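The next block is run.pdb, given as PDB, C-alpha atoms.
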```
ATOM      1  CA  MET D 103     108.889  25.034 -87.514  1.00  0.00           C
ATOM      2  CA  THR D 104     106.549  24.910 -84.530  1.00  0.00           C
ATOM      3  CA  THR D 105     105.739  22.155 -82.063  1.00  0.00           C
ATOM      4  CA  ARG D 106     102.101  23.223 -81.839  1.00  0.00           C
ATOM      5  CA  SER D 107      99.624  22.549 -84.637  1.00  0.00           C
ATOM      6  CA  THR D 108      97.732  25.763 -83.852  1.00  0.00           C
ATOM      7  CA  LYS D 109     100.625  27.839 -85.160  1.00  0.00           C
ATOM      8  CA  PRO D 110     101.526  27.972 -88.849  1.00  0.00           C
ATOM      9  CA  ASN D 111     104.871  26.844 -90.182  1.00  0.00           C
ATOM     10  CA  ILE D 112     106.865  29.687 -91.741  1.00  0.00           C
ATOM     11  CA  ILE D 113     109.325  29.462 -94.632  1.00  0.00           C
ATOM     12  CA  TYR D 114     111.303  32.433 -95.972  1.00  0.00           C
ATOM     13  CA  PHE D 115     112.809  32.356 -99.463  1.00  0.00           C
ATOM     14  CA  PHE D 116     115.363  35.159 -99.663  1.00  0.00           C
ATOM     15  CA  VAL D 117     116.838  35.234-103.154  1.00  0.00           C
ATOM     16  CA  ASP D 118     119.651  37.450-104.422  1.00  0.00           C
ATOM     17  CA  ASP D 119     119.338  39.033-107.864  1.00  0.00           C
ATOM     18  CA  MET D 120     115.769  37.869-108.500  1.00  0.00           C
ATOM     19  CA  GLY D 121     113.712  40.547-110.188  1.00  0.00           C
ATOM     20  CA  TYR D 122     109.979  41.174-110.039  1.00  0.00           C
ATOM     21  CA  GLY D 123     109.537  39.707-113.511  1.00  0.00           C
ATOM     22  CA  ASP D 124     111.503  36.529-112.815  1.00  0.00           C
ATOM     23  CA  ALA D 125     108.460  34.723-111.390  1.00  0.00           C
ATOM     24  CA  SER D 126     106.137  33.558-114.151  1.00  0.00           C
ATOM     25  CA  CYS D 127     103.076  34.207-111.979  1.00  0.00           C
ATOM     26  CA  LEU D 128     103.985  37.897-112.203  1.00  0.00           C
ATOM     27  CA  ASN D 129     105.389  37.798-115.722  1.00  0.00           C
ATOM     28  CA  PRO D 130     103.832  35.083-117.932  1.00  0.00           C
ATOM     29  CA  ASP D 131     106.111  36.111-120.801  1.00  0.00           C
ATOM     30  CA  GLY D 132     109.294  35.553-118.794  1.00  0.00           C
ATOM     31  CA  LYS D 133     112.028  33.320-120.182  1.00  0.00           C
ATOM     32  CA  ILE D 134     111.982  30.919-117.223  1.00  0.00           C
ATOM     33  CA  GLN D 135     108.804  29.318-115.914  1.00  0.00           C
ATOM     34  CA  THR D 136     108.542  28.968-112.116  1.00  0.00           C
ATOM     35  CA  PRO D 137     105.717  26.471-111.480  1.00  0.00           C
ATOM     36  CA  ASN D 138     106.467  25.929-107.796  1.00  0.00           C
ATOM     37  CA  ILE D 139     106.579  29.651-107.033  1.00  0.00           C
ATOM     38  CA  ASP D 140     103.415  30.047-109.103  1.00  0.00           C
ATOM     39  CA  ARG D 141     101.693  27.449-106.940  1.00  0.00           C
ATOM     40  CA  LEU D 142     102.693  29.302-103.779  1.00  0.00           C
ATOM     41  CA  ALA D 143     101.191  32.430-105.283  1.00  0.00           C
ATOM     42  CA  ARG D 144      97.937  30.663-106.199  1.00  0.00           C
ATOM     43  CA  GLU D 145      97.515  29.113-102.772  1.00  0.00           C
ATOM     44  CA  GLY D 146      98.636  32.111-100.731  1.00  0.00           C
ATOM     45  CA  MET D 147      98.886  35.881-100.902  1.00  0.00           C
ATOM     46  CA  VAL D 148     100.798  37.957-103.435  1.00  0.00           C
ATOM     47  CA  PHE D 149     102.077  41.450-102.644  1.00  0.00           C
ATOM     48  CA  THR D 150     102.869  43.522-105.717  1.00  0.00           C
ATOM     49  CA  ASP D 151     103.860  46.838-104.134  1.00  0.00           C
ATOM     50  CA  ALA D 152     107.089  46.289-102.201  1.00  0.00           C
ATOM     51  CA  HIS D 153     110.019  48.626-101.624  1.00  0.00           C
ATOM     52  CA  SER D 154     113.557  48.333-100.284  1.00  0.00           C
ATOM     53  CA  SER D 155     115.957  50.976 -99.028  1.00  0.00           C
ATOM     54  CA  SER D 156     118.876  48.825-100.192  1.00  0.00           C
ATOM     55  CA  ALA D 157     119.539  46.945-103.413  1.00  0.00           C
ATOM     56  CA  VAL D 158     122.291  44.642-102.106  1.00  0.00           C
ATOM     57  CA  CYS D 159     122.471  41.559 -99.936  1.00  0.00           C
ATOM     58  CA  SER D 160     123.845  42.263 -96.435  1.00  0.00           C
ATOM     59  CA  PRO D 161     121.662  45.312 -95.660  1.00  0.00           C
ATOM     60  CA  SER D 162     118.561  43.588 -97.049  1.00  0.00           C
ATOM     61  CA  ARG D 163     119.197  40.474 -94.974  1.00  0.00           C
ATOM     62  CA  TYR D 164     119.739  42.607 -91.898  1.00  0.00           C
ATOM     63  CA  SER D 165     116.368  44.297 -92.387  1.00  0.00           C
ATOM     64  CA  VAL D 166     114.443  41.081 -92.996  1.00  0.00           C
ATOM     65  CA  LEU D 167     115.890  39.357 -89.915  1.00  0.00           C
ATOM     66  CA  THR D 168     115.646  42.305 -87.514  1.00  0.00           C
ATOM     67  CA  GLY D 169     112.656  44.285 -88.770  1.00  0.00           C
ATOM     68  CA  ARG D 170     114.781  47.443 -88.751  1.00  0.00           C
ATOM     69  CA  TYR D 171     115.859  49.875 -91.438  1.00  0.00           C
ATOM     70  CA  ASN D 172     119.171  48.665 -92.824  1.00  0.00           C
ATOM     71  CA  TRP D 173     120.822  52.033 -92.204  1.00  0.00           C
ATOM     72  CA  ARG D 174     120.298  51.618 -88.453  1.00  0.00           C
ATOM     73  CA  SER D 175     123.101  49.064 -88.449  1.00  0.00           C
ATOM     74  CA  THR D 176     126.814  49.866 -88.289  1.00  0.00           C
ATOM     75  CA  LEU D 177     127.074  49.258 -92.046  1.00  0.00           C
ATOM     76  CA  GLN D 178     126.444  52.592 -93.726  1.00  0.00           C
ATOM     77  CA  LYS D 179     127.395  51.563 -97.254  1.00  0.00           C
ATOM     78  CA  GLY D 180     128.273  48.479 -99.250  1.00  0.00           C
ATOM     79  CA  ILE D 181     128.145  44.942 -97.879  1.00  0.00           C
ATOM     80  CA  VAL D 182     129.856  42.884 -95.182  1.00  0.00           C
ATOM     81  CA  GLY D 183     133.372  42.001 -96.339  1.00  0.00           C
ATOM     82  CA  HIS D 184     134.693  38.464 -96.537  1.00  0.00           C
ATOM     83  CA  TYR D 185     135.498  37.201 -93.032  1.00  0.00           C
ATOM     84  CA  GLY D 186     133.667  40.344 -91.837  1.00  0.00           C
ATOM     85  CA  ASP D 187     132.402  40.958 -88.312  1.00  0.00           C
ATOM     86  CA  PRO D 188     128.755  40.135 -87.455  1.00  0.00           C
ATOM     87  CA  LEU D 189     126.399  42.905 -88.555  1.00  0.00           C
ATOM     88  CA  ILE D 190     123.549  41.986 -86.203  1.00  0.00           C
ATOM     89  CA  ALA D 191     124.363  42.959 -82.618  1.00  0.00           C
ATOM     90  CA  GLU D 192     124.506  40.027 -80.211  1.00  0.00           C
ATOM     91  CA  ASP D 193     121.703  41.422 -78.041  1.00  0.00           C
ATOM     92  CA  ARG D 194     119.441  42.315 -80.989  1.00  0.00           C
ATOM     93  CA  LEU D 195     116.193  40.338 -81.125  1.00  0.00           C
ATOM     94  CA  THR D 196     115.766  38.731 -84.531  1.00  0.00           C
ATOM     95  CA  VAL D 197     112.736  37.180 -86.201  1.00  0.00           C
ATOM     96  CA  PRO D 198     113.995  33.617 -85.574  1.00  0.00           C
ATOM     97  CA  GLY D 199     114.845  34.545 -81.993  1.00  0.00           C
ATOM     98  CA  PHE D 200     111.319  35.873 -81.498  1.00  0.00           C
ATOM     99  CA  LEU D 201     109.811  32.748 -83.035  1.00  0.00           C
ATOM    100  CA  LYS D 202     111.872  30.529 -80.711  1.00  0.00           C
ATOM    101  CA  GLN D 203     110.308  32.363 -77.773  1.00  0.00           C
ATOM    102  CA  HIS D 204     106.938  31.196 -79.076  1.00  0.00           C
ATOM    103  CA  GLY D 205     107.667  27.524 -79.531  1.00  0.00           C
ATOM    104  CA  TYR D 206     109.260  27.383 -82.966  1.00  0.00           C
ATOM    105  CA  HIS D 207     112.354  25.473 -84.045  1.00  0.00           C
ATOM    106  CA  THR D 208     114.308  27.628 -86.490  1.00  0.00           C
ATOM    107  CA  ALA D 209     116.811  26.904 -89.249  1.00  0.00           C
ATOM    108  CA  CYS D 210     118.764  28.888 -91.829  1.00  0.00           C
ATOM    109  CA  ILE D 211     119.935  27.060 -94.949  1.00  0.00           C
ATOM    110  CA  GLY D 212     121.943  28.820 -97.658  1.00  0.00           C
ATOM    111  CA  LYS D 213     123.809  32.093 -97.889  1.00  0.00           C
ATOM    112  CA  TRP D 214     124.312  34.114 -94.691  1.00  0.00           C
ATOM    113  CA  HIS D 215     126.533  37.131 -95.508  1.00  0.00           C
ATOM    114  CA  LEU D 216     125.997  38.899 -92.192  1.00  0.00           C
ATOM    115  CA  GLY D 217     129.353  38.016 -90.638  1.00  0.00           C
ATOM    116  CA  GLN D 218     130.292  34.745 -88.956  1.00  0.00           C
ATOM    117  CA  GLY D 219     132.568  36.002 -86.202  1.00  0.00           C
ATOM    118  CA  TRP D 220     135.640  34.083 -87.340  1.00  0.00           C
ATOM    119  CA  ASP D 221     138.272  33.612 -84.638  1.00  0.00           C
ATOM    120  CA  PHE D 222     141.196  34.948 -86.669  1.00  0.00           C
ATOM    121  CA  GLU D 223     142.427  38.049 -88.461  1.00  0.00           C
ATOM    122  CA  PRO D 224     142.323  37.247 -92.193  1.00  0.00           C
ATOM    123  CA  ASP D 225     144.805  39.869 -93.360  1.00  0.00           C
ATOM    124  CA  VAL D 226     147.032  38.905 -96.263  1.00  0.00           C
ATOM    125  CA  GLU D 227     150.252  38.818 -94.249  1.00  0.00           C
ATOM    126  CA  THR D 228     149.063  36.251 -91.708  1.00  0.00           C
ATOM    127  CA  PHE D 229     146.411  34.353 -93.663  1.00  0.00           C
ATOM    128  CA  TYR D 230     148.279  34.004 -96.958  1.00  0.00           C
ATOM    129  CA  PRO D 231     151.922  33.946 -95.796  1.00  0.00           C
ATOM    130  CA  GLY D 232     154.336  34.949 -98.525  1.00  0.00           C
ATOM    131  CA  ARG D 233     151.609  36.161-100.908  1.00  0.00           C
ATOM    132  CA  SER D 234     150.156  39.508-101.863  1.00  0.00           C
ATOM    133  CA  PHE D 235     146.433  39.910-102.437  1.00  0.00           C
ATOM    134  CA  ARG D 236     147.077  40.543-106.129  1.00  0.00           C
ATOM    135  CA  GLU D 237     148.969  37.261-106.387  1.00  0.00           C
ATOM    136  CA  ILE D 238     146.060  35.428-104.794  1.00  0.00           C
ATOM    137  CA  SER D 239     143.492  37.143-106.991  1.00  0.00           C
ATOM    138  CA  HIS D 240     145.244  36.962-110.354  1.00  0.00           C
ATOM    139  CA  ALA D 241     147.840  34.178-110.322  1.00  0.00           C
ATOM    140  CA  PRO D 242     147.468  31.423-112.932  1.00  0.00           C
ATOM    141  CA  ASP D 243     146.125  28.163-111.551  1.00  0.00           C
ATOM    142  CA  GLY D 244     149.535  26.551-111.708  1.00  0.00           C
ATOM    143  CA  ASP D 245     150.959  29.147-109.322  1.00  0.00           C
ATOM    144  CA  LEU D 246     148.370  28.561-106.591  1.00  0.00           C
ATOM    145  CA  GLU D 247     150.136  25.851-104.645  1.00  0.00           C
ATOM    146  CA  VAL D 248     149.404  25.808-100.914  1.00  0.00           C
ATOM    147  CA  THR D 249     152.586  26.034 -98.862  1.00  0.00           C
ATOM    148  CA  PRO D 250     153.001  24.088 -95.604  1.00  0.00           C
ATOM    149  CA  GLU D 251     152.895  27.408 -93.737  1.00  0.00           C
ATOM    150  CA  GLN D 252     149.609  28.355 -95.360  1.00  0.00           C
ATOM    151  CA  GLN D 253     148.147  24.928 -94.680  1.00  0.00           C
ATOM    152  CA  ALA D 254     149.069  25.186 -91.005  1.00  0.00           C
ATOM    153  CA  THR D 255     147.472  28.643 -90.816  1.00  0.00           C
ATOM    154  CA  TRP D 256     144.256  27.410 -92.419  1.00  0.00           C
ATOM    155  CA  GLN D 257     144.161  24.307 -90.231  1.00  0.00           C
ATOM    156  CA  ASP D 258     144.319  26.451 -87.122  1.00  0.00           C
ATOM    157  CA  ALA D 259     141.837  29.044 -88.413  1.00  0.00           C
ATOM    158  CA  PHE D 260     139.122  26.691 -89.628  1.00  0.00           C
ATOM    159  CA  SER D 261     139.354  24.283 -86.699  1.00  0.00           C
ATOM    160  CA  LYS D 262     137.789  26.909 -84.437  1.00  0.00           C
ATOM    161  CA  PRO D 263     134.054  27.565 -84.074  1.00  0.00           C
ATOM    162  CA  THR D 264     132.617  30.825 -85.325  1.00  0.00           C
ATOM    163  CA  ALA D 265     131.276  33.178 -82.672  1.00  0.00           C
ATOM    164  CA  GLY D 266     128.682  35.290 -84.486  1.00  0.00           C
ATOM    165  CA  GLY D 267     126.922  33.195 -87.094  1.00  0.00           C
ATOM    166  CA  PRO D 268     123.257  32.229 -87.482  1.00  0.00           C
ATOM    167  CA  THR D 269     123.090  29.946 -84.428  1.00  0.00           C
ATOM    168  CA  THR D 270     124.066  32.919 -82.246  1.00  0.00           C
ATOM    169  CA  ARG D 271     121.417  35.142 -83.827  1.00  0.00           C
ATOM    170  CA  GLY D 272     118.256  33.137 -83.267  1.00  0.00           C
ATOM    171  CA  PHE D 273     118.588  30.021 -85.415  1.00  0.00           C
ATOM    172  CA  ASP D 274     118.675  26.528 -83.914  1.00  0.00           C
ATOM    173  CA  TYR D 275     120.348  25.058 -86.981  1.00  0.00           C
ATOM    174  CA  TYR D 276     122.419  26.361 -89.870  1.00  0.00           C
ATOM    175  CA  PHE D 277     123.854  24.859 -93.029  1.00  0.00           C
ATOM    176  CA  GLY D 278     125.269  26.975 -95.818  1.00  0.00           C
ATOM    177  CA  VAL D 279     128.151  29.237 -96.738  1.00  0.00           C
ATOM    178  CA  ASP D 280     129.211  32.656 -95.570  1.00  0.00           C
ATOM    179  CA  VAL D 281     129.294  34.218 -99.063  1.00  0.00           C
ATOM    180  CA  PRO D 282     129.084  31.899-102.114  1.00  0.00           C
ATOM    181  CA  ASN D 283     131.530  33.837-104.299  1.00  0.00           C
ATOM    182  CA  TRP D 284     134.116  34.574-101.573  1.00  0.00           C
ATOM    183  CA  PRO D 285     136.378  32.329 -99.523  1.00  0.00           C
ATOM    184  CA  PRO D 286     136.327  30.160 -97.596  1.00  0.00           C
ATOM    185  CA  TYR D 287     134.860  27.882-100.234  1.00  0.00           C
ATOM    186  CA  CYS D 288     133.350  25.274 -97.942  1.00  0.00           C
ATOM    187  CA  PHE D 289     130.066  24.457 -96.275  1.00  0.00           C
ATOM    188  CA  ILE D 290     129.430  25.579 -92.714  1.00  0.00           C
ATOM    189  CA  GLU D 291     127.184  23.595 -90.381  1.00  0.00           C
ATOM    190  CA  ASN D 292     126.091  25.414 -87.255  1.00  0.00           C
ATOM    191  CA  ASP D 293     129.353  27.048 -86.086  1.00  0.00           C
ATOM    192  CA  ARG D 294     131.920  24.800 -87.815  1.00  0.00           C
ATOM    193  CA  THR D 295     133.257  24.405 -91.319  1.00  0.00           C
ATOM    194  CA  VAL D 296     132.484  21.027 -92.880  1.00  0.00           C
ATOM    195  CA  GLY D 297     136.081  19.946 -93.316  1.00  0.00           C
ATOM    196  CA  ILE D 298     139.220  22.080 -93.486  1.00  0.00           C
ATOM    197  CA  PRO D 299     139.906  23.939 -96.770  1.00  0.00           C
ATOM    198  CA  SER D 300     143.173  22.616 -98.151  1.00  0.00           C
ATOM    199  CA  GLU D 301     143.712  24.208-101.571  1.00  0.00           C
ATOM    200  CA  PHE D 302     143.220  27.428-103.507  1.00  0.00           C
ATOM    201  CA  LEU D 303     140.082  27.607-105.620  1.00  0.00           C
ATOM    202  CA  PRO D 304     141.239  27.509-109.269  1.00  0.00           C
ATOM    203  CA  HIS D 305     140.787  30.809-111.100  1.00  0.00           C
ATOM    204  CA  ARG D 306     139.007  29.073-113.946  1.00  0.00           C
ATOM    205  CA  LEU D 307     136.082  28.604-111.535  1.00  0.00           C
ATOM    206  CA  THR D 308     135.883  32.229-110.425  1.00  0.00           C
ATOM    207  CA  GLY D 309     135.736  33.738-113.904  1.00  0.00           C
ATOM    208  CA  GLU D 310     137.051  37.087-115.054  1.00  0.00           C
ATOM    209  CA  ASN D 311     135.077  39.269-112.682  1.00  0.00           C
ATOM    210  CA  LEU D 312     135.535  41.419-109.602  1.00  0.00           C
ATOM    211  CA  ALA D 313     132.909  39.554-107.595  1.00  0.00           C
ATOM    212  CA  SER D 314     134.991  36.422-107.002  1.00  0.00           C
ATOM    213  CA  PHE D 315     138.595  35.615-106.181  1.00  0.00           C
ATOM    214  CA  SER D 316     140.614  32.619-105.162  1.00  0.00           C
ATOM    215  CA  GLY D 317     141.132  31.560-101.577  1.00  0.00           C
ATOM    216  CA  PRO D 318     140.934  28.582 -99.199  1.00  0.00           C
ATOM    217  CA  ALA D 319     138.706  25.883-100.695  1.00  0.00           C
ATOM    218  CA  MET D 320     137.663  22.306-100.170  1.00  0.00           C
ATOM    219  CA  PRO D 321     138.862  19.889-102.872  1.00  0.00           C
ATOM    220  CA  TYR D 322     136.546  19.560-105.874  1.00  0.00           C
ATOM    221  CA  TRP D 323     134.528  22.638-104.888  1.00  0.00           C
ATOM    222  CA  HIS D 324     132.110  23.828-107.572  1.00  0.00           C
ATOM    223  CA  PHE D 325     129.567  26.636-107.403  1.00  0.00           C
ATOM    224  CA  GLU D 326     127.015  24.527-109.276  1.00  0.00           C
ATOM    225  CA  GLN D 327     126.663  22.226-106.274  1.00  0.00           C
ATOM    226  CA  LEU D 328     125.382  24.917-103.907  1.00  0.00           C
ATOM    227  CA  LEU D 329     121.700  25.270-104.793  1.00  0.00           C
ATOM    228  CA  PRO D 330     120.999  21.518-105.200  1.00  0.00           C
ATOM    229  CA  THR D 331     122.746  20.799-101.892  1.00  0.00           C
ATOM    230  CA  TRP D 332     120.776  23.486-100.067  1.00  0.00           C
ATOM    231  CA  ALA D 333     117.501  22.309-101.590  1.00  0.00           C
ATOM    232  CA  LYS D 334     118.150  18.757-100.354  1.00  0.00           C
ATOM    233  CA  LYS D 335     119.136  20.036 -96.905  1.00  0.00           C
ATOM    234  CA  ALA D 336     116.005  22.170 -96.627  1.00  0.00           C
ATOM    235  CA  ASP D 337     113.795  19.290 -97.725  1.00  0.00           C
ATOM    236  CA  SER D 338     115.476  16.951 -95.240  1.00  0.00           C
ATOM    237  CA  TYR D 339     115.170  19.468 -92.408  1.00  0.00           C
ATOM    238  CA  ILE D 340     111.453  20.053 -93.016  1.00  0.00           C
ATOM    239  CA  ARG D 341     110.725  16.323 -93.189  1.00  0.00           C
ATOM    240  CA  ASP D 342     112.756  15.579 -90.042  1.00  0.00           C
ATOM    241  CA  ARG D 343     111.011  18.307 -88.075  1.00  0.00           C
ATOM    242  CA  ALA D 344     107.620  17.093 -89.270  1.00  0.00           C
ATOM    243  CA  GLU D 345     108.415  13.646 -87.867  1.00  0.00           C
ATOM    244  CA  THR D 346     109.872  15.079 -84.649  1.00  0.00           C
ATOM    245  CA  ASP D 347     106.969  17.421 -83.965  1.00  0.00           C
TER     246      ASP D 347
END
```
What is this file in structure tokens?
Amino acid sequence: MTTRSTKPNIIYFFVDDMGYGDASCLNPDGKIQTPNIDRLAREGMVFTDAHSSSAVCSPSRYSVLTGRYNWRSTLQKGIVGHYGDPLIAEDRLTVPGFLKQHGYHTACIGKWHLGQGWDFEPDVETFYPGRSFREISHAPDGDLEVTPEQQATWQDAFSKPTAGGPTTRGFDYYFGVDVPNWPPYCFIENDRTVGIPSEFLPHRLTGENLASFSGPAMPYWHFEQLLPTWAKKADSYIRDRAETD
């Protein structure tokens, strides 16, 4: 958001897995009505001829934030892995960085998935002492007890600030998660986790799929809380900035 009334406020909605026909303004016969998106369409501009050179999250996010083709990054296929290194180079000018140069205050709320720059090596041997990755991914809930050694490792790892997240790539403020369906299952505010994960996420919450697996989690973590929490944070941020500016 900007401190000068002569410049417009800018809000990006970047949504994974949302198809062209998922907005009712573009598909009146769709199964889900989207009145708020429809209002944005009525009061603004609608572009109906858009193309992407990538169909997955990390490359698409890279392109939107840098204005570059996704294949100009170091990631030539797939997505950034969990606990992966930052995909956007530290000296790369981003859209939020550019906006800050022109008087804007910038925030990112939600999924990041471009690498946080964690200050640890999350290999199985050191991060999950005494466990194999298969044990972590497929063990019954009753077998996922956190050992004192694991707890000490997590305490040390998640007490440190990240070095390559959103606030180092042009954003003044950040609240979200690295990747919703991968550990660590906790919120991150600016460059710190909100609390220290202290248990394994139960497998009953990840489902029988290859997109999610257990790992360090905050107690009582549920995926259903993510979108409502982010919506409230975004609303609060916009209102606070409106009062500040």
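You will find CA of Pro224 (chain D) at 29.6 Å from CA of Arg170 (chain D).
Here CA of Ala209 (chain D) is placed at a distance of 18.7 Å from CA of Asp118 (chain D).
Nearest to Pro110 (chain D) of all the residues D:Trp173, D:Tyr164, D:Tyr206, D:Trp214 is D:Tyr206, counting all atoms listed in the file.
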Dig up all the protein and nucleic acid residues within 12 Å of (132.5, 21.2, -108.8) in the file frame, using all atoms listed in the file, and format them as a short mmCIF file (atom, residue, chain, number, x, y, z; two decimals) with C-alpha atoms, keeping the file's coordinate frame.
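Written file, point_4.cif:
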```
data_model
loop_
_atom_site.label_atom_id
_atom_site.label_comp_id
_atom_site.auth_asym_id
_atom_site.auth_seq_id
_atom_site.Cartn_x
_atom_site.Cartn_y
_atom_site.Cartn_z
CA TYR D 287 134.86 27.88 -100.23
CA CYS D 288 133.35 25.27 -97.94
CA LEU D 303 140.08 27.61 -105.62
CA PRO D 304 141.24 27.51 -109.27
CA ARG D 306 139.01 29.07 -113.95
CA LEU D 307 136.08 28.60 -111.54
CA THR D 308 135.88 32.23 -110.42
CA ALA D 319 138.71 25.88 -100.70
CA MET D 320 137.66 22.31 -100.17
CA PRO D 321 138.86 19.89 -102.87
CA TYR D 322 136.55 19.56 -105.87
CA TRP D 323 134.53 22.64 -104.89
CA HIS D 324 132.11 23.83 -107.57
CA PHE D 325 129.57 26.64 -107.40
CA GLU D 326 127.02 24.53 -109.28
CA GLN D 327 126.66 22.23 -106.27
CA LEU D 328 125.38 24.92 -103.91
CA THR D 331 122.75 20.80 -101.89
#
```
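Listed by chain and then by number, the residues chosen by the PyMOL selection byres ((chain D and resi 210) around 8) in this file are D:Thr208, D:Ala209, D:Ile211, D:Gly212, D:Pro268, D:Phe273, D:Tyr275, D:Tyr276, D:Phe277, D:Gly278.
Among the candidates D:Ala125, D:Leu195, D:Cys159, D:Leu329, the one nearest to His215 (chain D) when counting only C-alpha atoms is D:Cys159.
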One residue among D:Phe289, D:Phe315, D:Tyr185, D:Phe200 is nearest to Gly272 (chain D) when using only C-alpha atoms, and that residue is D:Phe200
Residue with the minimum atom-to-atom distance to Asn111 (chain D), picked from D:Lys335, D:Lys179, D:Arg294, D:His207 with all atoms listed in the file counted, is D:His207
*asked:* Taking the file as I've supplied it (selection: the PyMOL selection byres ((chain D and resi 119) around 12)), which residues are included? Please answer as an MDAnalysis selection string.
replied: chainID D and resid 116:118 120:124 157:159 162
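Straight-line separation from CA of Asp221 (chain D) to CA of Ala265 (chain D): 7.3 Å.
For the residues D:Thr269, D:Gln135, D:Ser316, D:Thr255, ranking by smallest atom-to-atom distance to Trp284 (chain D) using all atoms listed in the file places D:Ser316 first.
This file, filtered with the PyMOL selection byres ((chain D and resi 299) around 9), gives the residues Gln253, Trp256, Gln257, Phe260, Pro286, Tyr287, Cys288, Thr295, Val296, Gly297, Ile298, Ser300, Glu301, Phe302, Pro318, Ala319, Met320 and Pro321 of chain D.
Counting all atoms listed in the file and comparing D:Thr150, D:Ser155, D:Thr168, D:Ser126, the residue that lies closest to Pro198 (chain D) is D:Thr168.
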Complete region 108-123 of chain D at the level of N, CA and C atoms, written as a PDB file, in the coordinates of the input.
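File written: out-v2.pdb
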```pdb
ATOM      1  N   THR D 108      98.549  24.555 -83.740  1.00  0.00           N
ATOM      2  CA  THR D 108      97.732  25.763 -83.852  1.00  0.00           C
ATOM      3  C   THR D 108      98.505  26.922 -84.456  1.00  0.00           C
ATOM      4  N   LYS D 109      99.804  26.773 -84.586  1.00  0.00           N
ATOM      5  CA  LYS D 109     100.625  27.839 -85.160  1.00  0.00           C
ATOM      6  C   LYS D 109     101.107  27.419 -86.545  1.00  0.00           C
ATOM      7  N   PRO D 110     101.115  28.338 -87.487  1.00  0.00           N
ATOM      8  CA  PRO D 110     101.526  27.972 -88.849  1.00  0.00           C
ATOM      9  C   PRO D 110     103.038  27.804 -88.958  1.00  0.00           C
ATOM     10  N   ASN D 111     103.458  26.925 -89.838  1.00  0.00           N
ATOM     11  CA  ASN D 111     104.871  26.844 -90.182  1.00  0.00           C
ATOM     12  C   ASN D 111     105.221  28.006 -91.102  1.00  0.00           C
ATOM     13  N   ILE D 112     106.435  28.500 -90.994  1.00  0.00           N
ATOM     14  CA  ILE D 112     106.865  29.687 -91.741  1.00  0.00           C
ATOM     15  C   ILE D 112     108.133  29.357 -92.516  1.00  0.00           C
ATOM     16  N   ILE D 113     108.138  29.658 -93.799  1.00  0.00           N
ATOM     17  CA  ILE D 113     109.325  29.462 -94.632  1.00  0.00           C
ATOM     18  C   ILE D 113     109.622  30.758 -95.372  1.00  0.00           C
ATOM     19  N   TYR D 114     110.835  31.266 -95.220  1.00  0.00           N
ATOM     20  CA  TYR D 114     111.303  32.433 -95.972  1.00  0.00           C
ATOM     21  C   TYR D 114     112.135  31.947 -97.161  1.00  0.00           C
ATOM     22  N   PHE D 115     111.888  32.504 -98.333  1.00  0.00           N
ATOM     23  CA  PHE D 115     112.809  32.356 -99.463  1.00  0.00           C
ATOM     24  C   PHE D 115     113.421  33.737 -99.697  1.00  0.00           C
ATOM     25  N   PHE D 116     114.710  33.865 -99.447  1.00  0.00           N
ATOM     26  CA  PHE D 116     115.363  35.159 -99.663  1.00  0.00           C
ATOM     27  C   PHE D 116     116.376  34.971-100.781  1.00  0.00           C
ATOM     28  N   VAL D 117     116.089  35.549-101.938  1.00  0.00           N
ATOM     29  CA  VAL D 117     116.838  35.234-103.154  1.00  0.00           C
ATOM     30  C   VAL D 117     117.561  36.468-103.682  1.00  0.00           C
ATOM     31  N   ASP D 118     118.875  36.362-103.819  1.00  0.00           N
ATOM     32  CA  ASP D 118     119.651  37.450-104.422  1.00  0.00           C
ATOM     33  C   ASP D 118     119.357  37.553-105.918  1.00  0.00           C
ATOM     34  N   ASP D 119     119.355  38.774-106.415  1.00  0.00           N
ATOM     35  CA  ASP D 119     119.338  39.033-107.864  1.00  0.00           C
ATOM     36  C   ASP D 119     118.100  38.489-108.575  1.00  0.00           C
ATOM     37  N   MET D 120     117.005  38.313-107.864  1.00  0.00           N
ATOM     38  CA  MET D 120     115.769  37.869-108.500  1.00  0.00           C
ATOM     39  C   MET D 120     114.859  39.069-108.671  1.00  0.00           C
ATOM     40  N   GLY D 121     114.538  39.386-109.903  1.00  0.00           N
ATOM     41  CA  GLY D 121     113.712  40.547-110.188  1.00  0.00           C
ATOM     42  C   GLY D 121     112.230  40.246-110.118  1.00  0.00           C
ATOM     43  N   TYR D 122     111.437  41.300-110.112  1.00  0.00           N
ATOM     44  CA  TYR D 122     109.979  41.174-110.039  1.00  0.00           C
ATOM     45  C   TYR D 122     109.456  40.302-111.172  1.00  0.00           C
ATOM     46  N   GLY D 123     110.020  40.445-112.353  1.00  0.00           N
ATOM     47  CA  GLY D 123     109.537  39.707-113.511  1.00  0.00           C
ATOM     48  C   GLY D 123     110.111  38.323-113.673  1.00  0.00           C
TER      49      GLY D 123
END
```
